[in-house]
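What follows is coords38.cif (mmCIF, C-alpha atoms).
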```
data_structure
loop_
_atom_site.label_atom_id
_atom_site.label_comp_id
_atom_site.auth_asym_id
_atom_site.auth_seq_id
_atom_site.Cartn_x
_atom_site.Cartn_y
_atom_site.Cartn_z
CA MET V 1 108.20 142.00 61.00
CA ALA V 2 110.98 143.87 62.76
CA HIS V 3 111.10 146.49 65.48
CA LEU V 4 113.28 149.40 66.51
CA ASP V 5 113.42 150.95 69.99
CA ILE V 6 113.99 154.68 70.17
CA THR V 7 114.40 157.12 73.03
CA HIS V 8 111.41 159.44 73.20
CA TYR V 9 109.53 161.10 76.05
CA LYS V 10 105.98 160.20 74.98
CA SER V 11 103.91 158.00 72.69
CA LEU V 12 103.88 158.91 69.00
CA SER V 13 100.83 160.45 67.38
CA LYS V 14 99.48 159.14 64.07
CA ASP V 15 100.86 162.23 62.33
CA GLU V 16 104.32 161.58 63.83
CA GLU V 17 104.18 157.93 62.76
CA GLN V 18 103.31 159.02 59.21
CA ALA V 19 106.13 161.56 59.19
CA ILE V 20 108.66 158.92 60.30
CA GLU V 21 107.50 156.48 57.63
CA ASN V 22 107.60 159.17 54.94
CA GLN V 23 111.11 160.29 55.89
CA ALA V 24 112.42 156.71 55.94
CA ASN V 25 111.04 156.08 52.46
CA ARG V 26 112.49 159.35 51.15
CA ILE V 27 115.94 158.18 52.30
CA ILE V 28 115.37 154.82 50.63
CA ASN V 29 114.30 156.46 47.36
CA ASN V 30 117.38 158.71 47.39
CA CYS V 31 119.57 155.59 46.94
CA ASN V 32 122.13 156.81 49.46
CA PRO V 33 125.34 154.71 49.46
CA ILE V 34 126.09 152.82 52.70
CA ASN V 35 129.81 152.58 53.54
CA LYS V 36 131.24 150.14 56.11
CA SER V 37 134.79 150.37 57.47
CA PHE V 38 136.88 149.70 60.59
CA MET V 39 138.32 152.74 62.38
CA ASP V 40 140.40 153.44 65.45
CA LYS V 41 137.95 154.17 68.26
CA ALA V 42 139.57 157.48 69.23
CA GLU V 43 139.66 158.68 65.62
CA ALA V 44 136.03 157.63 65.01
CA GLU V 45 134.91 159.52 68.12
CA ARG V 46 136.93 162.57 67.04
CA GLN V 47 135.27 162.62 63.60
CA HIS V 48 131.73 161.68 64.54
CA GLY V 49 131.40 162.28 68.29
CA PHE V 50 129.41 160.08 70.67
CA HIS V 51 126.56 160.14 68.20
CA LEU V 52 128.22 156.90 67.07
CA TYR V 53 126.77 155.08 70.08
CA GLN V 54 123.04 155.55 69.61
CA GLY V 55 122.72 151.77 69.57
CA GLY V 56 124.88 151.41 72.67
CA VAL V 57 128.58 151.72 73.53
CA VAL V 58 130.81 149.30 71.60
CA PRO V 59 133.76 147.73 73.53
CA GLY V 60 137.29 147.51 72.13
CA ASN V 61 139.70 149.90 70.46
CA GLN V 62 138.44 149.26 66.92
CA LEU V 63 134.98 150.22 65.68
CA ARG V 64 133.07 149.06 62.64
CA VAL V 65 131.61 152.31 61.41
CA VAL V 66 128.55 152.31 59.15
CA ASP V 67 127.93 155.54 57.25
CA ILE V 68 124.71 156.21 55.33
CA GLU V 69 125.95 159.13 53.26
CA GLY V 70 124.23 162.38 54.18
CA VAL V 71 121.98 160.66 56.72
CA ASP V 72 123.65 158.96 59.71
CA THR V 73 126.89 157.42 60.99
CA GLU V 74 126.98 154.84 63.78
CA ALA V 75 129.15 152.09 65.20
CA CYS V 76 127.49 148.77 64.33
CA CYS V 77 128.54 145.17 63.68
CA GLY V 78 125.24 144.17 62.09
CA THR V 79 124.39 143.30 58.50
CA HIS V 80 123.81 146.28 56.20
CA CYS V 81 122.87 146.94 52.59
CA ASP V 82 125.24 148.69 50.20
CA SER V 83 122.56 151.24 49.28
CA THR V 84 119.35 152.41 50.92
CA ALA V 85 117.56 151.50 47.67
CA GLU V 86 117.97 147.79 48.53
CA VAL V 87 115.46 148.16 51.38
CA GLY V 88 112.72 148.66 48.76
CA TRP V 89 110.04 150.20 50.96
CA ILE V 90 109.18 150.54 54.64
CA LYS V 91 105.68 150.27 56.11
CA LEU V 92 105.29 151.30 59.75
CA VAL V 93 102.76 148.90 61.27
CA LYS V 94 102.38 150.33 64.78
CA THR V 95 104.24 152.03 67.61
CA GLN V 96 104.10 151.26 71.31
CA ARG V 97 105.45 152.95 74.42
CA ILE V 98 107.09 150.00 76.20
CA SER V 99 108.53 151.94 79.18
CA ASP V 100 109.27 155.48 80.31
CA GLY V 101 111.32 157.14 77.60
CA ILE V 102 111.30 154.15 75.22
CA VAL V 103 109.05 153.83 72.16
CA ARG V 104 109.08 150.71 69.98
CA LEU V 105 108.42 150.96 66.23
CA TYR V 106 107.13 147.83 64.46
CA TYR V 107 107.62 147.77 60.71
CA VAL V 108 107.90 145.62 57.59
CA ALA V 109 110.08 146.18 54.53
CA HIS V 110 110.57 145.18 50.89
CA GLU V 111 108.09 142.43 49.80
CA ARG V 112 106.44 142.31 53.23
CA ALA V 113 105.70 146.04 52.95
CA ILE V 114 104.00 145.46 49.59
CA THR V 115 101.94 142.62 51.09
CA LYS V 116 100.91 144.83 54.00
CA MET V 117 99.82 147.66 51.71
CA ASN V 118 97.91 145.20 49.50
CA ASP V 119 96.09 143.86 52.58
CA GLU V 120 95.08 147.37 53.60
CA GLN V 121 93.90 148.15 50.08
CA GLN V 122 91.85 144.94 50.05
CA ILE V 123 90.05 146.10 53.20
CA MET V 124 89.27 149.41 51.49
CA ASN V 125 87.95 147.60 48.42
CA GLN V 126 85.75 145.31 50.51
CA LEU V 127 84.27 148.29 52.37
CA CYS V 128 83.52 150.02 49.06
CA ASP V 129 81.83 146.89 47.70
CA THR V 130 79.83 146.28 50.89
CA TRP V 131 78.65 149.87 51.26
CA GLY V 132 78.29 150.57 47.52
CA ILE V 133 80.53 153.66 47.57
CA ASP V 134 83.90 154.78 46.22
CA GLN V 135 87.00 155.24 48.37
CA THR V 136 86.49 158.98 48.79
CA GLN V 137 83.27 158.24 50.70
CA ILE V 138 84.67 155.67 53.17
CA LEU V 139 85.46 158.13 55.96
CA PRO V 140 82.18 160.13 55.91
CA THR V 141 80.17 156.91 55.53
CA ALA V 142 81.97 155.21 58.44
CA THR V 143 81.50 158.32 60.58
CA ARG V 144 77.79 158.38 59.80
CA PHE V 145 77.41 154.68 60.60
CA PHE V 146 79.26 155.10 63.90
CA ASN V 147 77.18 158.10 64.99
CA GLU V 148 73.96 156.27 64.12
CA TYR V 149 75.22 153.21 66.02
CA LYS V 150 75.82 155.30 69.14
CA LYS V 151 72.32 156.77 68.93
CA LEU V 152 70.80 153.33 68.44
CA SER V 153 72.85 151.92 71.32
CA THR V 154 71.48 154.61 73.63
CA VAL V 155 67.90 153.87 72.60
CA THR V 156 68.45 150.11 72.93
CA LYS V 157 69.95 150.50 76.40
CA LYS V 158 66.91 152.47 77.59
CA GLN V 159 64.57 149.87 76.11
CA ASP V 160 66.50 147.03 77.78
CA GLN V 161 66.16 148.82 81.13
CA GLN V 162 62.41 149.29 80.59
CA ILE V 163 62.01 145.59 79.70
CA LEU V 164 63.96 144.58 82.81
CA ASN V 165 61.77 146.81 84.97
CA LEU V 166 58.61 145.21 83.54
CA GLN V 167 59.98 141.70 83.99
CA VAL V 168 60.86 142.21 87.65
CA LYS V 169 57.59 144.03 88.37
CA TYR V 170 55.77 141.04 86.87
CA VAL V 171 57.60 138.77 89.34
CA ILE V 172 56.81 141.07 92.28
CA ASN V 173 53.12 141.45 91.38
CA SER V 174 52.57 137.87 90.21
CA VAL V 175 49.85 135.83 91.93
CA GLU V 176 51.19 132.54 90.51
CA GLU V 177 52.05 129.75 92.91
CA SER V 178 55.74 129.84 91.96
CA LYS V 179 57.99 132.21 93.85
CA LEU V 180 60.93 131.89 91.47
CA PHE V 181 60.93 132.99 87.81
CA SER V 182 63.56 132.66 85.09
CA VAL V 183 64.17 134.59 81.88
CA LYS V 184 66.30 133.45 78.94
CA SER V 185 68.33 136.56 78.23
CA ASP V 186 69.40 137.93 74.86
CA GLN V 187 72.09 140.09 76.46
CA GLU V 188 75.72 139.40 75.53
CA SER V 189 76.86 140.02 79.12
CA PRO V 190 75.19 140.34 82.56
CA THR V 191 76.20 144.00 82.91
CA LEU V 192 72.59 145.25 82.63
CA TYR V 193 71.48 143.00 85.48
CA PHE V 194 74.42 143.87 87.72
CA SER V 195 73.62 147.54 87.25
CA PHE V 196 69.82 147.67 87.55
CA LEU V 197 68.59 144.51 89.28
CA PRO V 198 69.70 145.37 92.87
CA GLN V 199 67.20 148.24 93.11
CA PHE V 200 64.45 145.61 93.40
CA ALA V 201 66.22 143.67 96.15
CA GLN V 202 64.11 144.89 99.07
CA LYS V 203 60.77 144.23 97.35
CA LEU V 204 61.85 140.74 96.29
CA LYS V 205 62.99 139.99 99.82
CA ASP V 206 59.76 141.28 101.39
CA GLN V 207 57.74 138.93 99.19
CA GLY V 208 60.18 136.02 99.25
CA LYS V 209 60.41 135.98 95.46
CA GLY V 210 63.26 135.77 93.02
CA VAL V 211 64.22 136.16 89.37
CA ILE V 212 67.01 134.44 87.45
CA PHE V 213 68.41 135.51 84.08
CA TYR V 214 70.45 133.04 82.03
CA SER V 215 72.08 132.62 78.62
CA ASP V 216 74.84 130.56 77.02
CA ASN V 217 77.54 132.45 78.92
CA PHE V 218 76.09 133.64 82.23
CA ILE V 219 73.51 133.08 84.97
CA LEU V 220 72.54 135.83 87.38
CA GLY V 221 69.85 135.75 90.01
CA LEU V 222 68.36 137.75 92.87
CA VAL V 223 66.37 135.55 95.24
CA GLY V 224 64.58 136.83 98.32
CA ASN V 225 64.20 133.57 100.24
CA ASN V 226 66.33 130.83 101.76
CA THR V 227 65.46 128.09 99.25
CA SER V 228 68.12 129.02 96.67
CA GLY V 229 71.16 127.25 98.21
CA ALA V 230 70.63 123.85 96.58
CA LEU V 231 69.69 125.48 93.26
CA VAL V 232 72.81 127.63 93.13
CA THR V 233 75.03 124.68 94.07
CA GLU V 234 73.53 122.56 91.28
CA LEU V 235 73.85 125.39 88.74
CA GLU V 236 77.52 125.86 89.64
CA ALA V 237 78.20 122.14 89.21
CA LEU V 238 76.29 122.06 85.92
CA CYS V 239 78.14 125.05 84.46
CA LYS V 240 81.50 123.67 85.56
CA GLU V 241 80.65 120.42 83.81
CA MET V 242 79.61 122.20 80.59
CA SER V 243 82.36 124.80 80.40
CA THR V 244 85.68 124.01 78.75
CA LYS V 245 87.00 127.43 79.75
CA PRO V 246 87.49 129.01 83.20
CA MET V 247 84.27 130.22 84.81
CA LYS V 248 83.63 132.60 87.68
CA SER V 249 81.07 132.14 90.42
CA ASN V 250 80.00 134.66 93.05
CA LYS V 251 77.37 134.52 95.78
CA LYS V 252 76.57 137.04 98.50
CA ALA V 253 73.83 137.71 100.99
CA ASP V 254 73.94 141.52 101.11
CA VAL V 255 73.10 143.67 98.08
CA LYS V 256 74.23 147.28 97.99
CA PHE V 257 72.98 149.83 95.47
CA ASP V 258 72.64 153.58 94.98
CA TYR V 259 69.30 155.32 94.65
CA LYS V 260 68.89 157.42 91.54
CA ILE V 261 67.63 160.30 93.69
CA LYS V 262 70.51 162.68 94.28
CA GLY V 263 71.60 162.95 97.90
CA GLN V 264 70.25 159.58 99.03
CA LYS V 265 72.61 157.22 100.83
CA PRO V 266 73.40 153.76 99.47
CA VAL V 267 71.01 151.06 100.67
CA VAL V 268 72.06 147.59 101.85
CA THR V 269 69.48 144.82 101.64
CA LYS V 270 70.44 141.89 103.87
CA GLU V 271 69.48 138.23 103.82
CA ILE V 272 68.77 138.12 100.11
CA CYS V 273 70.80 135.91 97.80
CA GLN V 274 72.48 137.48 94.80
CA PHE V 275 74.53 135.06 92.69
CA SER V 276 76.26 135.10 89.34
CA ILE V 277 78.04 132.47 87.26
CA THR V 278 79.90 133.63 84.18
CA GLY V 279 81.74 131.64 81.53
CA ALA V 280 82.04 131.24 77.79
CA ASP V 281 80.27 128.08 76.70
CA PHE V 282 77.29 127.13 78.84
CA LYS V 283 74.21 125.55 77.27
CA ALA V 284 71.03 127.52 77.92
CA ASP V 285 68.75 124.53 77.35
CA LYS V 286 70.45 122.50 80.10
CA ILE V 287 70.27 125.49 82.45
CA ALA V 288 66.54 125.75 81.71
CA GLU V 289 66.07 122.06 82.58
CA ALA V 290 67.85 122.51 85.91
CA LEU V 291 65.72 125.54 86.76
CA LYS V 292 62.50 123.71 85.87
CA LYS V 293 63.56 120.79 88.07
CA HIS V 294 63.65 123.19 91.04
CA GLY V 295 60.21 124.58 90.28
CA VAL V 296 61.40 127.82 88.68
CA ALA V 297 58.71 129.17 86.35
CA GLU V 298 59.89 130.21 82.87
CA MET V 299 58.82 133.75 81.93
CA GLU V 300 58.02 134.21 78.25
#
```

Written form, structure tokens:
Amino acid sequence: MAHLDITHYKSLSKDEEQAIENQANRIINNCNPINKSFMDKAEAERQHGFHLYQGGVVPGNQLRVVDIEGVDTEACCGTHCDSTAEVGWIKLVKTQRISDGIVRLYYVAHERAITKMNDEQQIMNQLCDTWGIDQTQILPTATRFFNEYKKLSTVTKKQDQQILNLQVKYVINSVEESKLFSVKSDQESPTLYFSFLPQFAQKLKDQGKGVIFYSDNFILGLVGNNTSGALVTELEALCKEMSTKPMKSNKKADVKFDYKIKGQKPVVTKEICQFSITGADFKADKIAEALKKHGVAEME
């Protein structure tokens, strides 16, 4: 892998990247001779102008001038081929805008370019085998799959919200002796609970109840009484003991959320405990044991 920094005012589009790669390979295929010679600096500047210094100004009175016939002439002390054909092939891997006015081009050449193209072709072949199609159908098939995924994601999100609403309403309306309930979550992240759980804060507080959602990488709870302190402290210690990666813990007594009704002001529910512990490698079964120890009822 190598890279080249160029002066350019914006990031390159995919079409521009393709055009650069195509032009580079045309020059390679033309087998242009590459001539290297030392010249007096003043004479080199007279013949070629300050275009010589695209790679930076070279000190001294003598310049090593590299001329790719019919393509480019620059002052350079680096290693060069004798013909563009020796490069073999160039494959542009990616481009990146690293600062204002500077774009970096990452590329491979010769055997590495062949390896890169073979890897890309292997991905195409695997997609064709997996989906049972030929290469001409990869793009329309992938587009169809993506559009169906977005539709399914929207439906799933609405269903997850409905399930959460039913779970919390069960806690609020429950006549069981327990005031705290837990749910083993199948969510990959606690985002759903951060977004939709606070709307039940006032009702949970009024009844002194609480609900806790947990999985192998997060615990999040909303508890409307003052008995949660010891539980949260023990859960934090347990998760810290289990986790081999950094974890985050947050606890607050005021919950702020926006009503869905347009024009309503945000509501702040005070004296209710909202806590969250997030990490990467908790063990849900141990969390369940700790919750049970504190009299938290498991919700099926």

Test item: the PyMOL selection byres ((chain V and resi 288) around 10) resolved as a list in words: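 For this structure, the PyMOL selection byres ((chain V and resi 288) around 10) resolves to Ser182, Val183, Lys184, Tyr214, Ser215, Lys283, Ala284, Asp285, Lys286, Ile287, Glu289, Ala290, Leu291, Lys292, Lys293, Val296, Ala297 and Glu298 of chain V.
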
Closest of V:Arg144, V:Lys91, V:His51, V:Lys270 to V:Thr73 - atom-to-atom distances counting all atoms listed in the file: V:His51

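One finds atom CA of V:Asn25 at 19.0 Å from atom CA of V:Gln121.
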
Explicit residue set for the PyMOL selection byres ((chain V and resi 243) around 8), as a PyMOL selection string: chain V and resi 239-242+244-247+279-282

Output check: residues returned by the PyMOL selection byres ((chain V and resi 158-169) around 12), as a ChimeraX atom specification: /V:151-157,170-175,180-187,190-201,203-204,207,209-213,221-223,298-300

Output of the above residues as a tab-separated table (two decimals), in the frame of the given file, restricted to C-alpha atoms:
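Full text of part.tsv as output:
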```
chain	number	residue	atom	x	y	z
V	151	LYS	CA	72.32	156.77	68.93
V	152	LEU	CA	70.80	153.33	68.44
V	153	SER	CA	72.85	151.92	71.32
V	154	THR	CA	71.48	154.61	73.63
V	155	VAL	CA	67.90	153.87	72.60
V	156	THR	CA	68.45	150.11	72.93
V	157	LYS	CA	69.95	150.50	76.40
V	170	TYR	CA	55.77	141.04	86.87
V	171	VAL	CA	57.60	138.77	89.34
V	172	ILE	CA	56.81	141.07	92.28
V	173	ASN	CA	53.12	141.45	91.38
V	174	SER	CA	52.57	137.87	90.21
V	175	VAL	CA	49.85	135.83	91.93
V	180	LEU	CA	60.93	131.89	91.47
V	181	PHE	CA	60.93	132.99	87.81
V	182	SER	CA	63.56	132.66	85.09
V	183	VAL	CA	64.17	134.59	81.88
V	184	LYS	CA	66.30	133.45	78.94
V	185	SER	CA	68.33	136.56	78.23
V	186	ASP	CA	69.40	137.93	74.86
V	187	GLN	CA	72.09	140.09	76.46
V	190	PRO	CA	75.19	140.34	82.56
V	191	THR	CA	76.20	144.00	82.91
V	192	LEU	CA	72.59	145.25	82.63
V	193	TYR	CA	71.48	143.00	85.48
V	194	PHE	CA	74.42	143.87	87.72
V	195	SER	CA	73.62	147.54	87.25
V	196	PHE	CA	69.82	147.67	87.55
V	197	LEU	CA	68.59	144.51	89.28
V	198	PRO	CA	69.70	145.37	92.87
V	199	GLN	CA	67.20	148.24	93.11
V	200	PHE	CA	64.45	145.61	93.40
V	201	ALA	CA	66.22	143.67	96.15
V	203	LYS	CA	60.77	144.23	97.35
V	204	LEU	CA	61.85	140.74	96.29
V	207	GLN	CA	57.74	138.93	99.19
V	209	LYS	CA	60.41	135.98	95.46
V	210	GLY	CA	63.26	135.77	93.02
V	211	VAL	CA	64.22	136.16	89.37
V	212	ILE	CA	67.01	134.44	87.45
V	213	PHE	CA	68.41	135.51	84.08
V	221	GLY	CA	69.85	135.75	90.01
V	222	LEU	CA	68.36	137.75	92.87
V	223	VAL	CA	66.37	135.55	95.24
V	298	GLU	CA	59.89	130.21	82.87
V	299	MET	CA	58.82	133.75	81.93
V	300	GLU	CA	58.02	134.21	78.25
```

For V:Lys252, the nearest of the candidates V:Gly70, V:Gly101, V:Gly224, V:Gly49, counting all atoms listed in the file: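 Going through V:Gly70, V:Gly101, V:Gly224, V:Gly49 one by one, the smallest distance to V:Lys252 is for V:Gly224.
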
Å distance separating atom CA of V:Cys77 from atom CA of V:Val65, one decimal place: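 One can read the atom CA of V:Cys77 to atom CA of V:Val65 distance as 8.1 Å.
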
Separation of atom CA of V:Asp216 from atom CA of V:Thr233, in Å and rounded to one decimal: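 These two atoms are separated by 18.0 Å.
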
Selection near stretch 140-143 of chain V, 9 Å with all atoms listed in the file, sequence-local residues under 5 positions removed, as a ChimeraX atom specification: /V:131,133,148

Please provide the set of residues having any atom within 9 Å of V:Leu4, restricted to all atoms listed in the file, with same-chain residues fewer than 3 positions apart removed, written as a PDB file with C-alpha atoms, in the coordinates of the input.
```
ATOM      1  CA  VAL V 103     109.050 153.830  72.160  1.00  0.00           C
ATOM      2  CA  ARG V 104     109.080 150.710  69.980  1.00  0.00           C
ATOM      3  CA  LEU V 105     108.420 150.960  66.230  1.00  0.00           C
ATOM      4  CA  TYR V 106     107.130 147.830  64.460  1.00  0.00           C
ATOM      5  CA  TYR V 107     107.620 147.770  60.710  1.00  0.00           C
TER       6      TYR V 107
END
```

Size and centre in Å, one decimal, axis-aligned box, all listed stretch 119-128 of chain V atoms plus 3 Å per side, as lines of an AutoDock Vina configuration file:
```
center_x = 89.8
center_y = 146.9
center_z = 51.0
size_x = 18.6
size_y = 12.2
size_z = 11.2
```

Shell of 7 Å around V:Ala253, only C-alpha atoms, local chain residues under 6 positions omitted, as a PyMOL selection string: chain V and resi 270-274
